[in-house]
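Peer 1: Below you will find the structure I want to go over with you.
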Amino acid sequence: MSKKQRKKYRSAARAAGAGIVIEKARRAAVPAETARRRLHVGAATLGGAVGGTIVVPALLERFGVMRSGAWVPAMFAGLALAWGFPLLYATFGPVRHGPGWQLLTARTVTGKRTVDLSNLTRIRRIRLPSKAGWLDEFWVKDRRGVVLLVDKEVLMGPVGQAMVHSSGISGSLGTVRISRHAAVGLGLKKPSTAYRAARACADVLLGILAPGTVAVLGVLASWLTRSA
């Protein structure tokens, strides 16, 4: 395929409303070991930064270097952990490629990762609050252990529909473990009235109250460090 034809094809894919770029050209997949190692390093860095922000001010206050106020950075550290952890899996500029376009490569804060959409083992749905309302994201994991947060269109959009069928997600689920919440979001199950009410409560608890809870835990950890 020429460069001009490839560019035309990619434009058509965008116009189809899938929200991702399709490439027929050969693109190297990111090794699973590299992706997992980068994720572990990113998680350790985030955890270390949060832990240091909680412990260091608490120790300074404990030994009299600073009078008070260690709870303030501890609170913000808790919020950073609650909001920063999902960012480790968030994707930017996803590209479908490979035979049958079953590979999805996207940029993340820890580098590029490639998920094999034809060999998924688990799908979960996560709803996050945003300025425009609730944002639906799907947590997908393949057999190699690579994880990404992707939009619904990647799995069920006009371009992604064929991959959903070949993955066995639509109809027979096969070996793909899909949560009830994700199945409803993908249109595989019809939500009941009780389900809608339960999910509305869960969205409030997980999306709004959870960050506050983690912030309180940060303050508690700071207090325990000062008092130990």
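By order of appearance in the structure tokens: chains A, B, ..., then residues from 1 within every chain, and ligands from 1 in the order shown.
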Excluding region 111-114 of chain A and its own-chain neighbours fewer than 5 positions away, which residues fall within 6 Å of it when counting only C-alpha atoms? Please give them as an mmCIF file with N, CA and C atoms, in the first residue's frame.
Peer 2:
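Contents of result-v1.cif, as written:
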data_model
loop_
_atom_site.group_PDB
_atom_site.id
_atom_site.type_symbol
_atom_site.label_atom_id
_atom_site.label_comp_id
_atom_site.auth_asym_id
_atom_site.auth_seq_id
_atom_site.Cartn_x
_atom_site.Cartn_y
_atom_site.Cartn_z
ATOM 1 N N ALA A 29 5.109 -4.606 17.453
ATOM 2 C CA ALA A 29 4.394 -4.623 18.725
ATOM 3 C C ALA A 29 5.389 -4.455 19.867
ATOM 4 N N VAL A 30 4.975 -3.761 20.906
ATOM 5 C CA VAL A 30 5.826 -3.587 22.075
ATOM 6 C C VAL A 30 5.870 -4.907 22.849
ATOM 7 N N ALA A 35 6.520 -3.824 28.432
ATOM 8 C CA ALA A 35 5.338 -3.097 28.900
ATOM 9 C C ALA A 35 5.091 -3.334 30.387
ATOM 10 N N LEU A 104 -3.426 -3.622 19.414
ATOM 11 C CA LEU A 104 -3.698 -2.238 19.766
ATOM 12 C C LEU A 104 -2.491 -1.687 20.513
ATOM 13 N N THR A 105 -1.816 -0.730 19.902
ATOM 14 C CA THR A 105 -0.665 -0.086 20.524
ATOM 15 C C THR A 105 -1.033 1.352 20.863
ATOM 16 N N ALA A 106 -0.739 1.753 22.089
ATOM 17 C CA ALA A 106 -1.078 3.101 22.532
ATOM 18 C C ALA A 106 0.013 3.635 23.441
#
Peer 1: Within 8 Å of region 38-48 of chain A, counting only C-alpha atoms, which residues show up once you throw out same-chain ones fewer than 4 positions away? Write them as a list in words, please.
Peer 2: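 Close residues of region 38-48 of chain A: Thr34, Gly52, Leu81, Gly84, Phe85, Leu88, Thr110 and Gly111 of chain A.
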Peer 1: Please provide the set of residues having any atom within 7 Å of Val216 (chain A), restricted to only C-alpha atoms, with same-chain residues fewer than 4 positions apart removed, written as a PyMOL selection string.
Peer 2: chain A and resi 75+212+220
Peer 1: Quick one, how far is CA of Gly207 (chain A) from CA of Phe76 (chain A)?
Peer 2: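 Pair CA of Gly207 (chain A) / CA of Phe76 (chain A) returns 16.8 Å.
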Peer 1: Excluding Arg180 (chain A) and any residue of its chain fewer than 5 positions from it, enumerate the residues within 12 Å of it, using only C-alpha atoms, and give them as a PyMOL selection string.
Peer 2: chain A and resi 122-126+185-192+195+199
Peer 1: Would you please extract all helix (DSSP H, G or I) residues from region 42-148 of chain A, as assigned by DSSP on the backbone, and give them as a VMD selection string?
Peer 2: chain A and resid 42 to 62 71 to 84 86 to 88 99 to 101 117 to 119
Peer 1: Taking only C-alpha atoms into account, which of A:Val56, A:Ala221, A:Leu117, A:Ile208 comes nearest Trp139 (chain A)?
Peer 2: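 Of all the options, A:Leu117 lies closest to Trp139 (chain A).
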Peer 1: Within region 69-227 of chain A, find each residue whose DSSP state, derived from the backbone, is strand (DSSP E), and express the selection as a PyMOL selection string.
Peer 2: chain A and resi 92-97+103-108+111-116+120-130+133-142+147-150+177-178
